[in-house]
file target-v6.csv (CSV, C-alpha atoms)
chain,number,residue,atom,x,y,z
H,938,MET,CA,-28.4,-39.1,16.5
H,939,SER,CA,-27.2,-42.1,14.6
H,940,GLU,CA,-23.6,-43.3,14.9
H,941,ALA,CA,-22.7,-42.1,11.4
H,942,PRO,CA,-23.5,-38.4,11.9
H,943,GLN,CA,-21.9,-38.6,15.4
H,944,ALA,CA,-18.7,-40.0,13.9
H,945,ALA,CA,-18.7,-37.3,11.1
H,946,ALA,CA,-19.1,-34.6,13.7
H,947,SER,CA,-16.3,-36.0,15.8
H,948,GLU,CA,-14.0,-36.2,12.8
H,949,ALA,CA,-14.8,-32.6,11.8
H,950,LYS,CA,-14.2,-31.4,15.4
H,951,ALA,CA,-10.9,-33.3,15.5
H,952,ALA,CA,-9.8,-31.8,12.1
H,953,ALA,CA,-10.7,-28.3,13.2
H,954,SER,CA,-8.6,-28.7,16.3
H,955,GLU,CA,-5.6,-29.7,14.2
H,956,VAL,CA,-5.7,-26.6,12.1
H,957,PRO,CA,-2.8,-24.4,13.2
H,958,ARG,CA,-3.7,-21.1,14.8
H,959,PHE,CA,-1.3,-18.2,14.5
H,960,ALA,CA,-1.0,-14.9,16.4
H,961,HIS,CA,-1.9,-11.8,14.4
H,962,GLU,CA,-0.8,-8.2,15.0
H,963,ALA,CA,-1.7,-4.8,13.7
H,964,LEU,CA,1.1,-2.3,12.9
H,965,ALA,CA,1.1,1.3,11.8
H,966,VAL,CA,3.4,3.1,9.4
H,967,VAL,CA,2.8,6.6,10.7
H,968,LEU,CA,4.3,9.2,8.3
H,969,GLN,CA,4.6,13.0,8.7
H,970,VAL,CA,6.7,15.6,6.9
H,971,ARG,CA,8.9,17.2,9.6
H,972,HIS,CA,11.9,19.5,9.1
H,973,GLN,CA,11.7,19.1,5.3
H,974,GLN,CA,11.9,15.3,5.5
H,975,LEU,CA,9.4,12.4,5.5
H,976,ASN,CA,9.5,10.8,8.9
H,977,VAL,CA,8.1,7.6,10.4
H,978,LEU,CA,7.1,7.1,14.0
H,979,LEU,CA,9.0,4.4,15.8
H,980,TRP,CA,9.3,3.2,19.4
H,981,ARG,CA,12.3,1.6,21.0
H,982,ARG,CA,11.8,-2.0,22.2
H,983,GLY,CA,12.6,-2.6,25.9
H,984,ALA,CA,12.6,-6.4,25.8
H,985,ALA,CA,13.8,-9.4,23.7
H,986,PRO,CA,13.7,-10.1,20.8
H,987,PHE,CA,15.4,-7.1,19.3
H,988,GLU,CA,15.8,-5.3,22.6
H,989,GLY,CA,16.9,-1.7,22.0
H,990,ARG,CA,15.9,-1.7,18.3
H,991,TRP,CA,13.2,0.5,16.9
H,992,ALA,CA,9.8,-0.9,15.9
H,993,LEU,CA,6.5,0.3,14.3
H,994,PRO,CA,3.7,1.0,16.8
H,995,GLY,CA,1.1,-1.7,17.1
H,996,GLY,CA,0.4,-4.9,18.9
H,997,PRO,CA,-1.5,-8.2,19.1
H,998,LEU,CA,-5.0,-8.4,17.7
H,999,GLY,CA,-7.6,-9.1,20.4
H,1000,ALA,CA,-9.8,-12.2,20.1
H,1001,ASP,CA,-12.9,-10.0,19.5
H,1002,GLU,CA,-11.3,-7.1,17.7
H,1003,ARG,CA,-11.3,-5.9,14.2
H,1004,LEU,CA,-7.9,-5.0,12.8
H,1005,GLY,CA,-8.7,-1.3,12.6
H,1006,THR,CA,-10.0,-1.2,16.1
H,1007,SER,CA,-7.0,-3.0,17.4
H,1008,LEU,CA,-4.6,-0.6,15.7
H,1009,GLY,CA,-6.5,2.4,17.1
H,1010,ARG,CA,-6.3,1.0,20.6
H,1011,HIS,CA,-2.5,0.4,20.4
H,1012,LEU,CA,-1.8,3.8,18.9
H,1013,ALA,CA,-3.8,5.5,21.7
H,1014,THR,CA,-2.3,3.5,24.5
H,1015,LYS,CA,1.3,2.9,23.4
H,1016,VAL,CA,2.2,6.1,21.6
H,1017,ASP,CA,-0.7,8.4,22.6
H,1018,LEU,CA,-1.4,9.2,18.9
H,1019,THR,CA,-4.8,10.3,17.8
H,1020,ASP,CA,-4.0,13.0,15.2
H,1021,ILE,CA,-4.4,10.8,12.2
H,1022,ALA,CA,-5.6,12.6,9.0
H,1023,TYR,CA,-5.8,9.5,6.8
H,1024,LEU,CA,-5.6,5.7,7.4
H,1025,GLU,CA,-5.7,2.8,5.0
H,1026,GLN,CA,-4.6,-0.9,5.1
H,1027,LEU,CA,-1.2,-1.3,3.5
H,1028,GLU,CA,-0.2,-5.0,3.4
H,1029,THR,CA,-0.1,-8.3,5.4
H,1030,ARG,CA,3.3,-10.0,6.1
H,1031,SER,CA,3.2,-13.8,6.5
H,1032,ASP,CA,6.8,-15.0,6.5
H,1033,PRO,CA,6.9,-17.9,9.0
H,1034,ARG,CA,10.3,-16.7,10.2
H,1035,ARG,CA,9.5,-12.9,10.6
H,1036,ASP,CA,9.3,-13.4,14.4
H,1037,PRO,CA,11.9,-15.6,16.1
H,1038,ARG,CA,9.4,-16.5,18.9
H,1039,GLY,CA,7.0,-18.2,16.5
H,1040,ARG,CA,4.8,-17.5,13.6
H,1041,VAL,CA,3.0,-14.2,13.8
H,1042,LEU,CA,1.0,-12.6,10.9
H,1043,ALA,CA,1.2,-8.8,10.7
H,1044,THR,CA,-1.2,-6.5,8.9
H,1045,ALA,CA,0.2,-3.0,8.5
H,1046,TYR,CA,-1.7,0.2,7.9
H,1047,LEU,CA,-0.5,3.5,6.4
H,1048,ALA,CA,-1.3,6.4,8.7
H,1049,LEU,CA,-0.7,10.1,7.7
H,1050,VAL,CA,-0.3,13.1,10.0
H,1051,SER,CA,-0.5,16.6,8.7
H,1052,ALA,CA,2.6,18.8,8.8
H,1053,ASP,CA,1.1,21.3,11.3
H,1054,ALA,CA,0.3,18.7,13.9
H,1055,ASP,CA,2.6,18.2,16.8
H,1056,PRO,CA,1.7,14.9,18.6
H,1057,GLN,CA,3.1,14.5,22.1
H,1058,VAL,CA,4.7,11.1,22.0
H,1059,PRO,CA,6.2,9.1,25.0
H,1060,PRO,CA,10.0,9.2,25.8
H,1061,ASP,CA,10.6,5.8,24.1
H,1062,THR,CA,9.0,7.0,20.9
H,1063,ALA,CA,10.5,9.3,18.2
H,1064,TRP,CA,10.3,10.4,14.6
H,1065,HIS,CA,12.9,9.1,12.2
H,1066,PRO,CA,13.6,10.0,8.6
H,1067,VAL,CA,12.4,7.1,6.4
H,1068,ALA,CA,15.5,7.7,4.2
H,1069,ASP,CA,17.8,7.1,7.2
H,1070,LEU,CA,16.2,4.5,9.5
H,1071,PRO,CA,17.9,3.3,12.6
H,1072,PRO,CA,18.3,-0.5,13.2
H,1073,THR,CA,14.8,-1.9,13.3
H,1074,ALA,CA,13.1,-5.0,14.8
H,1075,PHE,CA,11.6,-7.8,12.8
H,1076,ASP,CA,10.8,-6.7,9.2
H,1077,HIS,CA,9.6,-3.3,10.3
H,1078,GLY,CA,12.1,-1.3,8.3
H,1079,SER,CA,10.9,-3.0,5.1
H,1080,ILE,CA,7.3,-2.3,6.1
H,1081,ALA,CA,8.1,1.4,6.7
H,1082,GLU,CA,9.6,1.6,3.2
H,1083,SER,CA,6.5,0.0,1.7
H,1084,GLY,CA,4.4,2.7,3.4
H,1085,ARG,CA,6.7,5.4,1.9
H,1086,ASP,CA,6.3,3.8,-1.6
H,1087,ARG,CA,2.5,3.6,-1.3
H,1088,LEU,CA,2.4,7.3,-0.4
H,1089,ARG,CA,4.6,8.3,-3.2
H,1090,ALA,CA,2.5,6.4,-5.7
H,1091,LYS,CA,-0.7,7.9,-4.5
H,1092,LEU,CA,0.6,11.4,-4.6
H,1093,SER,CA,0.8,11.0,-8.3
H,1094,TYR,CA,-2.8,10.0,-9.0
H,1095,THR,CA,-4.9,11.0,-5.9
H,1096,ASN,CA,-5.4,14.0,-3.7
H,1097,ILE,CA,-3.8,12.2,-0.7
H,1098,GLY,CA,-1.6,15.3,-0.1
H,1099,PHE,CA,-4.6,16.7,1.9
H,1100,ALA,CA,-3.5,14.4,4.8
H,1101,LEU,CA,0.0,15.8,4.8
H,1102,ALA,CA,-0.7,19.5,4.4
H,1103,PRO,CA,-2.2,22.0,6.9
H,1104,GLY,CA,-5.8,23.2,6.3
H,1105,THR,CA,-4.4,26.2,4.3
H,1106,PHE,CA,-1.0,26.6,2.8
H,1107,THR,CA,1.0,28.6,0.3
H,1108,ILE,CA,2.2,26.9,-2.9
H,1109,ALA,CA,5.8,27.0,-1.6
H,1110,GLN,CA,4.7,25.2,1.5
H,1111,LEU,CA,2.9,22.5,-0.5
H,1112,ARG,CA,5.9,22.1,-2.8
H,1113,ASP,CA,8.1,21.4,0.2
H,1114,ILE,CA,5.7,18.8,1.5
H,1115,TYR,CA,5.5,17.1,-1.9
H,1116,ALA,CA,9.3,17.2,-2.4
H,1117,ALA,CA,10.0,15.7,1.1
H,1118,SER,CA,7.4,13.0,0.5
H,1119,LEU,CA,8.6,12.1,-3.1
H,1120,GLY,CA,12.3,12.4,-2.3
H,1121,HIS,CA,13.2,14.7,-5.1
H,1122,PRO,CA,12.7,18.4,-6.0
H,1123,VAL,CA,9.4,19.6,-7.3
H,1124,SER,CA,8.6,22.7,-9.4
H,1125,ALA,CA,6.2,24.9,-7.5
H,1126,THR,CA,4.9,26.4,-10.7
H,1127,ASN,CA,4.1,23.0,-12.2
H,1128,LEU,CA,2.7,21.6,-9.0
H,1129,GLN,CA,0.3,24.5,-8.8
H,1130,ARG,CA,-0.7,24.2,-12.5
H,1131,VAL,CA,-1.3,20.4,-12.4
H,1132,LEU,CA,-3.2,20.3,-9.0
H,1133,THR,CA,-5.3,23.3,-9.9
H,1134,ARG,CA,-6.2,21.9,-13.3
H,1135,ARG,CA,-7.2,18.6,-11.8
H,1136,GLY,CA,-9.4,20.4,-9.2
H,1137,VAL,CA,-7.3,19.1,-6.3
H,1138,ILE,CA,-6.5,22.5,-4.7
H,1139,GLU,CA,-8.3,25.8,-4.8
H,1140,ALA,CA,-7.3,29.3,-3.9
H,1141,THR,CA,-8.9,30.9,-0.8
H,1142,ALA,CA,-9.6,34.6,-0.2
H,1143,ALA,CA,-6.9,34.7,2.4
H,1144,ALA,CA,-3.2,35.5,2.1
H,1145,ALA,CA,-0.2,34.5,4.1
H,1146,ARG,CA,1.5,37.1,6.4
H,1147,PRO,CA,4.0,39.1,4.4
H,1148,ALA,CA,7.6,38.2,5.0
H,1149,SER,CA,9.8,40.6,7.1
H,1150,VAL,CA,11.6,41.6,3.9
H,1151,GLY,CA,8.4,42.8,2.4
H,1152,GLY,CA,6.9,41.7,-0.9
H,1153,ARG,CA,3.4,40.7,-2.0
H,1154,PRO,CA,1.7,38.3,0.4
H,1155,ALA,CA,1.3,34.8,-1.0
H,1156,THR,CA,-2.2,33.4,-1.7
H,1157,LEU,CA,-3.3,30.6,0.6
H,1158,TYR,CA,-4.7,27.5,-0.9
H,1159,ARG,CA,-6.6,24.5,0.4
H,1160,PHE,CA,-7.5,21.0,-0.8
H,1161,ALA,CA,-10.9,20.9,-2.5
H,1162,ALA,CA,-11.7,17.6,-0.7
H,1163,ARG,CA,-10.5,16.2,2.6
H,1164,THR,CA,-11.3,12.6,1.7
H,1165,LEU,CA,-9.4,10.4,-0.8
H,1166,VAL,CA,-10.2,11.0,-4.5
H,1167,VAL,CA,-8.6,9.5,-7.5
H,1168,THR,CA,-7.8,12.5,-9.7
H,1169,ASN,CA,-5.8,10.9,-12.5
H,1170,PRO,CA,-5.2,7.2,-12.6
H,1171,PHE,CA,-2.5,7.5,-15.3
H,1172,ALA,CA,-0.4,10.3,-13.8
H,1173,ALA,CA,3.1,10.0,-12.3
H,1174,PHE,CA,5.5,12.3,-10.6
H,1175,ARG,CA,9.0,11.6,-11.9
H,1176,PRO,CA,12.4,12.7,-10.6
H,1177,PRO,CA,14.0,15.6,-12.5
H,1178,SER,CA,16.3,14.8,-15.4
H,1179,LEU,CA,19.6,16.5,-15.8
H,1180,SER,CA,18.2,18.9,-18.4
H,1181,SER,CA,14.7,19.7,-17.2
H,1182,ALA,CA,12.7,20.6,-14.1
H,1183,VAL,CA,10.3,18.2,-12.4
H,1184,THR,CA,6.8,18.1,-14.0
H,1185,PRO,CA,4.0,16.1,-12.5
call {"tool": "encode", "arguments": {"input": "target-v6.csv", "output": "structure tokens"}}
result
Amino acid sequence: MSEAPQAAASEAKAAASEVPRFAHEALAVVLQVRHQQLNVLLWRRGAAPFEGRWALPGGPLGADERLGTSLGRHLATKVDLTDIAYLEQLETRSDPRRDPRGRVLATAYLALVSADADPQVPPDTAWHPVADLPPTAFDHGSIAESGRDRLRAKLSYTNIGFALAPGTFTIAQLRDIYAASLGHPVSATNLQRVLTRRGVIEATAAAARPASVGGRPATLYRFAARTLVVTNPFAAFRPPSLSSAVTP
């Protein structure tokens, strides 16, 4: 090899070594409707920085890992969570000052757990209402709110409710799940009408057990698809006005 190519190769190698390398972590905004509220899964940090504060589950990206693989590993080992009905990439945070220990990029995922699942989480992990978060570490509170906002938007124009609801449900149960997720009351009649018209839900031949007070058993419904489908790109669920009920 001549001196010129050798010099060029040396310069390229030196330039590459000067490119700053940053740590990268994968985080999960795990949401579930519990006790009529939309909850997020958080674990309490046991070390500085932010010792004692609550954080999203996740951790460092391995040198040979993809982001999704890394997230699955952290969820399984740190919070013993495998009951995820839906997962999608949410956003990447790159503020140089988001971690006081040095620059760390964070890619967050939105993970949904159905209302009938009851994951057994470790003692240092707990569900918290997104509307009433405890003191959080880093920018994790803001990321959790981003996950909530993404879910609310997608409830309007996709069938993403399939990941929040049980396999079969009454319209009243589905209304409660939508209301908890959206943060405002929802009309059961309008919800049934809109989702049936769009082909999002369908009636089954089964019925719920009759209530102790008697009455006609409610029909059980199910989602027509258990994968994400865009059903109406122009739809929006809006909060109720003072003079009318909610209509999707």
call {"tool": "residues_around", "arguments": {"input": "target-v6.csv", "residues": "segment 1006-1009 of chain H", "least_positions_apart": "4", "cutoff": "9 Å", "atoms": "only C-alpha atoms", "output": "ChimeraX atom specification"}}
result
/H:962-965,994-999,1002,1013-1014,1018-1019,1045-1046
call {"tool": "closest_residue", "arguments": {"input": "target-v6.csv", "among": "H:Pro1059, H:Pro1066, H:Pro1072, H:Gly1039", "to": "Glu988 of chain H", "atoms": "all atoms listed in the file"}}
result
H:Pro1072
call {"tool": "residues_near_point", "arguments": {"input": "target-v6.csv", "point": "(3.1, -23.0, 8.5)", "cutoff": "10 Å", "atoms": "all atoms listed in the file", "output": "list in words"}}
result
Pro957, Arg958, Phe959, Ser1031, Asp1032, Pro1033, Arg1034 and Arg1040 of chain H
call {"tool": "atom_distance", "arguments": {"input": "target-v6.csv", "atom1": "atom CA of Gln969 of chain H", "atom2": "atom CA of Ala1102 of chain H"}}
result
9.4 Å
call {"tool": "closest_residue", "arguments": {"input": "target-v6.csv", "among": "H:Val970, H:Pro1176, H:Arg1038, H:Ile1080", "to": "Pro1122 of chain H", "atoms": "only C-alpha atoms"}}
result
H:Pro1176
call {"tool": "closest_residue", "arguments": {"input": "target-v6.csv", "among": "H:Phe987, H:Phe1171, H:Phe1099, H:Tyr1023", "to": "Asp1036 of chain H", "atoms": "only C-alpha atoms"}}
result
H:Phe987
call {"tool": "atom_distance", "arguments": {"input": "target-v6.csv", "atom1": "atom CA of Ala1074 of chain H", "atom2": "atom CA of Ala1090 of chain H"}}
result
25.7 Å
call {"tool": "residues_near_point", "arguments": {"input": "target-v6.csv", "point": "(-7.6, 24.8, -2.2)", "cutoff": "6 Å", "atoms": "all atoms listed in the file", "output": "list in words"}}
result
Ile1138, Glu1139, Ala1140, Tyr1158, Arg1159, Phe1160 and Ala1161 of chain H
call {"tool": "residues_around", "arguments": {"input": "target-v6.csv", "residues": "Leu1047 of chain H", "least_positions_apart": "2", "cutoff": "7 Å", "atoms": "only C-alpha atoms", "output": "VMD selection string"}}
result
chain H and resid 965 to 967 1024 to 1027 1045 1049 1084
call {"tool": "residues_around", "arguments": {"input": "target-v6.csv", "residues": "segment 1108-1114 of chain H", "least_positions_apart": "6", "cutoff": "8 Å", "atoms": "all atoms listed in the file", "output": "NGL selection string"}}
result
:H and (970 or 973 or 1052 or 1101-1102 or 1123-1125 or 1128-1129 or 1156-1158)
call {"tool": "atom_distance", "arguments": {"input": "target-v6.csv", "atom1": "atom CA of Arg1163 of chain H", "atom2": "atom CA of Arg1130 of chain H"}}
result
19.7 Å
call {"tool": "decode", "arguments": {"input": "target-v6.csv", "residues": "segment 1023-1066 of chain H", "atoms": "N, CA and C atoms", "output": "compact mmCIF listing (two decimals), in the first residue's frame"}}
result
# COMPACT_ATOMS: atom_id res chain seq x y z
N TYR H 1023 -49.93 -5.63 23.18
CA TYR H 1023 -49.56 -4.80 22.04
C TYR H 1023 -48.33 -4.00 22.40
N LEU H 1024 -47.42 -3.84 21.43
CA LEU H 1024 -46.17 -3.10 21.66
C LEU H 1024 -45.83 -2.31 20.41
N GLU H 1025 -45.48 -1.03 20.60
CA GLU H 1025 -45.01 -0.22 19.48
C GLU H 1025 -44.01 0.82 19.99
N GLN H 1026 -43.10 1.23 19.11
CA GLN H 1026 -42.12 2.23 19.49
C GLN H 1026 -42.81 3.58 19.63
N LEU H 1027 -42.51 4.28 20.71
CA LEU H 1027 -43.19 5.53 21.04
C LEU H 1027 -42.38 6.75 20.64
N GLU H 1028 -41.18 6.90 21.17
CA GLU H 1028 -40.36 8.06 20.88
C GLU H 1028 -38.94 7.85 21.40
N THR H 1029 -38.03 8.72 20.95
CA THR H 1029 -36.65 8.73 21.44
C THR H 1029 -36.36 10.07 22.08
N ARG H 1030 -35.84 10.06 23.30
CA ARG H 1030 -35.45 11.27 24.01
C ARG H 1030 -33.94 11.44 23.90
N SER H 1031 -33.50 12.66 23.58
CA SER H 1031 -32.07 12.88 23.35
C SER H 1031 -31.53 14.12 24.05
N ASP H 1032 -32.26 14.66 25.02
CA ASP H 1032 -31.77 15.83 25.76
C ASP H 1032 -30.44 15.46 26.43
N PRO H 1033 -29.37 16.21 26.14
CA PRO H 1033 -28.06 15.87 26.72
C PRO H 1033 -28.05 15.88 28.24
N ARG H 1034 -29.01 16.57 28.88
CA ARG H 1034 -29.02 16.71 30.33
C ARG H 1034 -30.11 15.86 31.00
N ARG H 1035 -30.69 14.91 30.27
CA ARG H 1035 -31.77 14.12 30.86
C ARG H 1035 -31.27 13.16 31.94
N ASP H 1036 -29.98 12.81 31.89
CA ASP H 1036 -29.38 11.95 32.91
C ASP H 1036 -28.17 12.68 33.50
N PRO H 1037 -28.16 12.97 34.81
CA PRO H 1037 -27.06 13.74 35.40
C PRO H 1037 -25.72 13.01 35.36
N ARG H 1038 -25.71 11.71 35.07
CA ARG H 1038 -24.45 10.96 35.04
C ARG H 1038 -23.72 11.09 33.71
N GLY H 1039 -24.37 11.63 32.72
CA GLY H 1039 -23.78 11.73 31.39
C GLY H 1039 -24.86 11.54 30.35
N ARG H 1040 -24.50 11.77 29.09
CA ARG H 1040 -25.53 11.70 28.05
C ARG H 1040 -25.98 10.26 27.81
N VAL H 1041 -27.30 10.08 27.87
CA VAL H 1041 -27.91 8.77 27.62
C VAL H 1041 -29.14 8.98 26.74
N LEU H 1042 -29.16 8.35 25.57
CA LEU H 1042 -30.34 8.38 24.72
C LEU H 1042 -31.33 7.35 25.24
N ALA H 1043 -32.60 7.64 25.10
CA ALA H 1043 -33.63 6.70 25.56
C ALA H 1043 -34.68 6.53 24.47
N THR H 1044 -34.94 5.30 24.09
CA THR H 1044 -36.04 4.99 23.17
C THR H 1044 -37.13 4.30 23.96
N ALA H 1045 -38.31 4.92 23.95
CA ALA H 1045 -39.43 4.41 24.74
C ALA H 1045 -40.42 3.67 23.84
N TYR H 1046 -41.04 2.65 24.41
CA TYR H 1046 -42.07 1.87 23.74
C TYR H 1046 -43.38 1.99 24.51
N LEU H 1047 -44.48 1.91 23.78
CA LEU H 1047 -45.80 1.83 24.39
C LEU H 1047 -46.19 0.36 24.45
N ALA H 1048 -46.49 -0.14 25.64
CA ALA H 1048 -46.88 -1.52 25.84
C ALA H 1048 -48.23 -1.56 26.54
N LEU H 1049 -49.17 -2.32 26.01
CA LEU H 1049 -50.51 -2.39 26.57
C LEU H 1049 -50.80 -3.79 27.13
N VAL H 1050 -51.47 -3.80 28.27
CA VAL H 1050 -51.85 -5.04 28.95
C VAL H 1050 -53.36 -5.05 29.08
N SER H 1051 -54.00 -6.17 28.76
CA SER H 1051 -55.46 -6.24 28.80
C SER H 1051 -55.98 -6.15 30.24
N ALA H 1052 -57.21 -5.68 30.37
CA ALA H 1052 -57.77 -5.41 31.70
C ALA H 1052 -57.96 -6.67 32.53
N ASP H 1053 -58.08 -7.83 31.89
CA ASP H 1053 -58.30 -9.05 32.65
C ASP H 1053 -57.01 -9.75 33.05
N ALA H 1054 -55.86 -9.23 32.64
CA ALA H 1054 -54.58 -9.80 33.04
C ALA H 1054 -54.20 -9.30 34.43
N ASP H 1055 -53.50 -10.14 35.16
CA ASP H 1055 -53.08 -9.75 36.51
C ASP H 1055 -51.60 -10.13 36.69
N PRO H 1056 -50.70 -9.37 36.06
CA PRO H 1056 -49.27 -9.71 36.15
C PRO H 1056 -48.78 -9.66 37.59
N GLN H 1057 -47.97 -10.63 37.97
CA GLN H 1057 -47.38 -10.65 39.30
C GLN H 1057 -46.05 -9.91 39.25
N VAL H 1058 -46.01 -8.72 39.81
CA VAL H 1058 -44.82 -7.88 39.72
C VAL H 1058 -44.05 -7.92 41.04
N PRO H 1059 -42.76 -7.60 41.01
CA PRO H 1059 -41.93 -7.64 42.23
C PRO H 1059 -42.37 -6.59 43.25
N PRO H 1060 -41.89 -6.71 44.50
CA PRO H 1060 -42.28 -5.77 45.56
C PRO H 1060 -41.90 -4.32 45.28
N ASP H 1061 -40.82 -4.09 44.50
CA ASP H 1061 -40.41 -2.71 44.24
C ASP H 1061 -41.10 -2.11 43.01
N THR H 1062 -42.11 -2.81 42.50
CA THR H 1062 -42.81 -2.38 41.29
C THR H 1062 -44.30 -2.25 41.60
N ALA H 1063 -44.95 -1.23 41.03
CA ALA H 1063 -46.37 -1.03 41.32
C ALA H 1063 -47.03 -0.27 40.18
N TRP H 1064 -48.36 -0.39 40.12
CA TRP H 1064 -49.17 0.35 39.14
C TRP H 1064 -49.57 1.69 39.74
N HIS H 1065 -49.49 2.74 38.94
CA HIS H 1065 -49.85 4.08 39.39
C HIS H 1065 -50.76 4.74 38.35
N PRO H 1066 -51.81 5.45 38.78
CA PRO H 1066 -52.64 6.18 37.83
C PRO H 1066 -51.82 7.21 37.05
